[in-house]
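S.K.: One structure, pasted below without further comment.
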Amino acid sequence: MRMLGVMTRPCALPHFLSALLVFGLSLPALAETAYRQPSKEVLDVLHAPVPPDAVVSPTRDAMILAAPVRLPSIAFLAEPMLRLAGVRVIPRTRRLQNAAYWSALTLVTLPYGVERAVSLPADAKVGLPAWSADGLRFAFANLGPECVELWVGDAAAGRARRVAAVRLNPFLGRPLMWMPDQKTLLVRAVPEGLGPPPAQETAPRGPSIQETAGGKGASSTYEVRDVLKSPKDEELFEHYAAAQLLLVDAESGRITPVGKPALYAGLSPAPDGRHLLVETIHRPFSYLTTHDRFPREVEVWDGSGRVVRRVASVPLADSVPIWGVRTGPRDVQWRATESATLVWREALDGGDWKTQVPHRDRVMMHKAPFSGAPAEVLKVRDRVDGIRWVERGGLALVSSEDPIKHWTQTHAASFDDPKAGARLIWDMSSDDAYRHPGHPVLKSLPNGAMVVFEDQGSIYLDGRGSSPEGDRPFLDRLDLGTLKTERLFRCDRSSYEEFYAWLDPKAGAFLTRRESPRDPPNFFVRTLSGRVQAAEGEASRASALKAVTRMPDPSPQLRAITKRLVAYKRADGVDLSFTLFLPPGYKEGVRLPAIVWAYPLDYADPKMAGQVKGSTRIFTTIGWPLHLFPLLEGYAVIDNPLMPVVGDANRMYDAYLEQLVAGAKAAVDKAVELGVADRDRIGITGHSHGGLMAANLLAHSDLFRAGVARSGAYNRSLTAFGFQNERRTLWEAPEVYTKVSPLFHAEKITLPLLLIHGELDANPGTTPLQSEKLFEAIRGNGGTARLVMLPFESHGYRAMESTEHVLFEMLAWFDRYVKNAPPRGTKPAGPAKPR
């Protein structure tokens, strides 16, 4: 049911409908026929260009700036597609339905900043380029009108050309990569002679049948239309996933097939260039899960496609525990610092986090020629979630995490001498942003393998530098012998500047990306000096800035927006904060209508819950997730107030509602105390888990006048085997599932709620049915709600028309029910006129 007062287009109404409209009565939903747009002020910002993405050459003498297409047209998403085992493919060209792309590429010399546009075809829709390790070439895919094309660029000439004989197939993953010789590309291509797809069927072959025989098989809640559901779907999956591996000479264009067409899920050349690690999917498929859990063979091939070693036969994994992993070898990879050595992880707890064991994982190694048994390198207490190879010394940084305790460890392990044991480097809460050491800086070896850059026994770490005053990115040097760190650079307090790449490590020259509230993001060169310089009372060895790029401000009107970090406490003493945005022309002391945008997170430790993340020194832009656009209509925005749910990870959601309301009340009280927000004119909005938050706050508090909930899961019984960090099932904690689900409390949602959802939401748990059923529940209980279903959109909204319409709906809703809301306790005036 919807109020005609917020119809999306004018139309002629029969007399009796006009009478109902005059009296503000509800009518059954009518079909929408056109997208609507917000005000010109909003559109001007939405349509402004966004900063380019930079891809630095491994040789550090150039980078490519790629101009992103912020929002494609709805026509791009609306092409006929197939939904096969978690992949949404456009059969006409084999591109992915929701593929991101860039419209222009610009070569920039480093450190001088000389720019040259790369020649591209008209209406180019290119992927981010992949540099060869020698910096001479780059390769990229182009979403062409007939197929996904392969293009190769010449860095010296600034030109790119198409390899016309190749049609890429990105169905199961990255379609192109450089071989270790850096002259040859390994690509997944559409097989020649594949033939037409399976013919359309006018009638089903029979019923779809699934059976279980006592074994437990919990799985995530996948959108039913994205999994396979018939023998015909299985045939279509095999047809469109099939690829032929090709070696393509980047200079001559000569093509050499490798192996036979198959369903290639994983592909990685060994550092020696003479072996390939290949994962192929095969039957039986599942109608319950997506292709990442289908059976597969993991093999080592030689350059001709001959099987050298079968590493693992991985069975169908449709019964892997939620938050669990497969048993047997997983995440098989090459050791980057040896010619041909395999490394993988194996679960020692059956892949189930509920099983109590002293070590959950072990790391295994097997050297070419792969004879004999694999060797165990180390056992790890928690689940291994990453291995980074150090350039020299035979070391790797092995990270692991315990998601129950929110704890992480990193060990330096010797793969040359496993008996030497592993040395603990970091041991800390995974929620502790203030102590986060940063991420190892990587470099490309001549064969293209990525490793941790090692410099005379030290490595470099770059991090965002979270602190009570906000993020201040840094660059440190860590001595692997003493484990002592030296601070080389830290962003000052007036800007947001982050390390981007080394340009000349011996000279101490590095590239940074710098911005401030008034200065758009640009690239600069800094050089380390031999002496420590004082910067605002802090040690630093970084010199003055030298500009590389000079990108202009795309939206000067946003410079009049002001923002500041606000700290406060929840009633139980937990430290919290939010960023307060004020609209252009704001006058101190004037109370404004306000919008709260938030996303609750789970924490094991209240001290971590209150840590400040983010920075007020970032250049103000407005884009996704769209919550700052109300600033252009005179609203204050309370951005990302911390709404932590703190407690025992095994019972985290027992107190979810109480903590949610307490966090929202603390934020509202603080905004009112500051003299900025009008307590009687505050709205709440969120997306996904934030959408659940918005609906629950309308049901269980009187803090807000209206809400907008986007793409949320409002009936948690539909995610019966867990959600977020709630690991108990519906049958183990039915009262929790009921308590946190606003569908079961729809009679309490008496304040206006706008529900927005993509019709093709593929995110597990947030099926479009979630919004449809909550709308029906509110309608059936006499509440005020509006349901907007976006054609061809998934969990996040991609199309320009969809985004414009979402902004129109949100702003119209908040204008009617928040900005122009009558005093509490009075009935709203007649329906508002369309914007």
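As shown in the structure tokens, the chain order sets the letters A, B, ...; within each chain, residues go from 1, and ligands are also counted from 1 in the order they appear.
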If you count only C-alpha atoms, which residues fall within 9 Å of Thr256 in chain A, apart from same-chain ones fewer than 3 positions away, as a list in words?
M.R.: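 Skipping anything fewer than 3 positions along the chain leaves Leu245, Leu246, Leu247, Val248 and Asp249 of chain A.
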S.K.: For the selection just defined, write its residues with N, CA, C and O atoms to a file, as a PDB file, in the first residue's frame.
M.R.:
ATOM      1  N   LEU A 245      42.320 -22.207 -22.095  1.00  0.00           N
ATOM      2  CA  LEU A 245      43.504 -21.456 -21.691  1.00  0.00           C
ATOM      3  C   LEU A 245      44.363 -21.181 -22.919  1.00  0.00           C
ATOM      4  O   LEU A 245      44.611 -22.074 -23.740  1.00  0.00           O
ATOM      5  N   LEU A 246      44.816 -19.917 -23.028  1.00  0.00           N
ATOM      6  CA  LEU A 246      45.650 -19.506 -24.151  1.00  0.00           C
ATOM      7  C   LEU A 246      46.873 -18.768 -23.646  1.00  0.00           C
ATOM      8  O   LEU A 246      46.790 -17.992 -22.688  1.00  0.00           O
ATOM      9  N   LEU A 247      48.005 -19.005 -24.293  1.00  0.00           N
ATOM     10  CA  LEU A 247      49.191 -18.175 -24.114  1.00  0.00           C
ATOM     11  C   LEU A 247      49.252 -17.214 -25.289  1.00  0.00           C
ATOM     12  O   LEU A 247      49.251 -17.642 -26.456  1.00  0.00           O
ATOM     13  N   VAL A 248      49.276 -15.919 -24.982  1.00  0.00           N
ATOM     14  CA  VAL A 248      49.237 -14.889 -26.017  1.00  0.00           C
ATOM     15  C   VAL A 248      50.526 -14.079 -25.951  1.00  0.00           C
ATOM     16  O   VAL A 248      50.827 -13.455 -24.920  1.00  0.00           O
ATOM     17  N   ASP A 249      51.289 -14.085 -27.029  1.00  0.00           N
ATOM     18  CA  ASP A 249      52.503 -13.270 -27.120  1.00  0.00           C
ATOM     19  C   ASP A 249      52.095 -11.808 -27.249  1.00  0.00           C
ATOM     20  O   ASP A 249      51.410 -11.427 -28.205  1.00  0.00           O
TER      21      ASP A 249
END
S.K.: Check which residues of range 469-554 of chain A sit at most 8 Å from range 604-614 of chain A using only C-alpha atoms, and return one row each with the closest pair of atoms and their distance in Å to one decimal, ordered by chain and rising number, as a Markdown table.
M.R.:
| residue | atom | partner | partner_atom | distance |
| --- | --- | --- | --- | --- |
| A:Glu469 | CA | A:Val612 | CA | 7.3 |
| A:Gly470 | CA | A:Gly614 | CA | 5.7 |
| A:Asp471 | CA | A:Gly614 | CA | 5.4 |
S.K.: For a quick check of understanding, using only C-alpha atoms, which of A:Val307, A:Leu582, A:Ala75, A:Ala243 has the smallest distance to Asn98 in chain A?
M.R.: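 Counting only C-alpha atoms, the residue closest to Asn98 in chain A is A:Ala75.
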S.K.: Within 12 Å of Lys260 in chain A, counting only C-alpha atoms, which residues show up once you throw out same-chain ones fewer than 5 positions away? Write them as a list in words, please.
M.R.: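 Surrounding residues, per the criterion: Arg188, Ala189, Val190, Pro191, Glu192, Leu194, Ala242, Ala243, Gln244, Leu245, Leu246, Thr280, Ser304, Gly305, Arg306 and Val307 of chain A.
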S.K.: I'd like the neighbourhood of Val50 in chain A as JSON, numbers by chain, where a residue qualifies if any of its atoms comes within 8 Å (using only C-alpha atoms), though same-chain residues fewer than 5 positions away should be ignored.
M.R.: {"A": [67, 68, 70, 554]}
S.K.: Check the smallest atom-to-atom distance from each of A:Thr620, A:Thr527, A:Ser467, A:Thr482 to Leu558 in chain A using only C-alpha atoms, then report the winner.
M.R.: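 Once distances to Leu558 in chain A are computed over only C-alpha atoms, the minimum belongs to A:Thr620.
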S.K.: Tell me, counting only C-alpha atoms, for each residue of range 734-810 of chain A within 9 Å of range 653-658 of chain A, which pair of atoms is nearest and how far apart they are in Å to one decimal, in rows ordered by chain and increasing number, as a Markdown table.
M.R.:
| residue | atom | partner | partner_atom | distance |
| --- | --- | --- | --- | --- |
| A:Glu735 | CA | A:Asp654 | CA | 8.8 |
| A:Val736 | CA | A:Asp654 | CA | 6.1 |
| A:Tyr737 | CA | A:Tyr653 | CA | 8.8 |
| A:Lys739 | CA | A:Leu657 | CA | 7.8 |
| A:Val740 | CA | A:Leu657 | CA | 6.8 |
S.K.: Mind the document's chain letters and residue numbers, and return as an MDAnalysis selection string the residues of range 253-354 of chain A that DSSP labels strand (DSSP E).
M.R.: chainID A and resid 255:269 275:281 296:302 307:314 330:334 341:347
S.K.: Could you write out that same residue set with C-alpha atoms as a PDB file, in the first residue's frame?
M.R.:
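Once written, part.pdb looks like this:
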ATOM      1  CA  ILE A 255      48.341 -17.659 -29.675  1.00  0.00           C
ATOM      2  CA  THR A 256      49.139 -21.070 -28.186  1.00  0.00           C
ATOM      3  CA  PRO A 257      46.338 -23.167 -26.611  1.00  0.00           C
ATOM      4  CA  VAL A 258      47.096 -24.920 -23.316  1.00  0.00           C
ATOM      5  CA  GLY A 259      45.076 -27.956 -22.312  1.00  0.00           C
ATOM      6  CA  LYS A 260      41.475 -28.525 -23.288  1.00  0.00           C
ATOM      7  CA  PRO A 261      38.327 -26.458 -22.605  1.00  0.00           C
ATOM      8  CA  ALA A 262      37.168 -26.900 -19.009  1.00  0.00           C
ATOM      9  CA  LEU A 263      35.616 -25.046 -16.075  1.00  0.00           C
ATOM     10  CA  TYR A 264      38.726 -23.287 -14.775  1.00  0.00           C
ATOM     11  CA  ALA A 265      38.067 -21.908 -11.289  1.00  0.00           C
ATOM     12  CA  GLY A 266      41.692 -21.199 -10.351  1.00  0.00           C
ATOM     13  CA  LEU A 267      44.784 -20.426 -12.372  1.00  0.00           C
ATOM     14  CA  SER A 268      48.313 -19.462 -11.323  1.00  0.00           C
ATOM     15  CA  PRO A 269      51.684 -19.788 -13.090  1.00  0.00           C
ATOM     16  CA  HIS A 275      54.352 -25.040 -14.246  1.00  0.00           C
ATOM     17  CA  LEU A 276      50.712 -24.039 -13.878  1.00  0.00           C
ATOM     18  CA  LEU A 277      48.507 -24.496 -10.806  1.00  0.00           C
ATOM     19  CA  VAL A 278      45.026 -25.242 -12.138  1.00  0.00           C
ATOM     20  CA  GLU A 279      41.659 -25.766 -10.421  1.00  0.00           C
ATOM     21  CA  THR A 280      38.824 -27.203 -12.499  1.00  0.00           C
ATOM     22  CA  ILE A 281      35.199 -27.561 -11.440  1.00  0.00           C
ATOM     23  CA  ARG A 296      37.078 -29.496  -8.149  1.00  0.00           C
ATOM     24  CA  GLU A 297      40.413 -30.989  -9.088  1.00  0.00           C
ATOM     25  CA  VAL A 298      43.586 -29.150  -8.055  1.00  0.00           C
ATOM     26  CA  GLU A 299      46.478 -30.034 -10.351  1.00  0.00           C
ATOM     27  CA  VAL A 300      49.946 -28.964 -11.417  1.00  0.00           C
ATOM     28  CA  TRP A 301      50.447 -28.855 -15.190  1.00  0.00           C
ATOM     29  CA  ASP A 302      53.484 -28.374 -17.333  1.00  0.00           C
ATOM     30  CA  VAL A 307      49.194 -33.131 -15.522  1.00  0.00           C
ATOM     31  CA  VAL A 308      52.393 -33.316 -13.474  1.00  0.00           C
ATOM     32  CA  ARG A 309      50.822 -33.740 -10.033  1.00  0.00           C
ATOM     33  CA  ARG A 310      47.297 -34.088  -8.682  1.00  0.00           C
ATOM     34  CA  VAL A 311      47.315 -32.000  -5.518  1.00  0.00           C
ATOM     35  CA  ALA A 312      43.773 -32.621  -4.307  1.00  0.00           C
ATOM     36  CA  SER A 313      40.354 -33.879  -5.332  1.00  0.00           C
ATOM     37  CA  VAL A 314      38.006 -31.573  -3.484  1.00  0.00           C
ATOM     38  CA  ARG A 330      42.688 -25.355   0.632  1.00  0.00           C
ATOM     39  CA  ASP A 331      43.977 -22.045  -0.695  1.00  0.00           C
ATOM     40  CA  VAL A 332      46.750 -23.797  -2.621  1.00  0.00           C
ATOM     41  CA  GLN A 333      49.361 -21.321  -3.885  1.00  0.00           C
ATOM     42  CA  TRP A 334      52.929 -21.063  -5.146  1.00  0.00           C
ATOM     43  CA  THR A 341      56.988 -24.976  -4.496  1.00  0.00           C
ATOM     44  CA  LEU A 342      53.362 -25.473  -3.484  1.00  0.00           C
ATOM     45  CA  VAL A 343      51.996 -24.256  -0.161  1.00  0.00           C
ATOM     46  CA  TRP A 344      48.518 -24.809   1.266  1.00  0.00           C
ATOM     47  CA  ARG A 345      46.517 -24.878   4.488  1.00  0.00           C
ATOM     48  CA  GLU A 346      44.638 -27.745   6.108  1.00  0.00           C
ATOM     49  CA  ALA A 347      42.074 -27.664   8.885  1.00  0.00           C
TER      50      ALA A 347
END
S.K.: Between CA of Gly273 in chain A and CA of Met179 in chain A, what is the spacing in Å?
M.R.: 6.5 Å
S.K.: To one decimal place in Å, what is the distance between CA of Leu110 in chain A and CA of Met551 in chain A?
M.R.: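 It comes out at 15.8 Å.
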S.K.: Have a look at A:Ala636, A:Leu288, A:Ala777, A:Phe76 and name the one nearest to Thr212 in chain A; count only C-alpha atoms.
M.R.: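 Nearest candidate to Thr212 in chain A out of A:Ala636, A:Leu288, A:Ala777, A:Phe76: A:Leu288.
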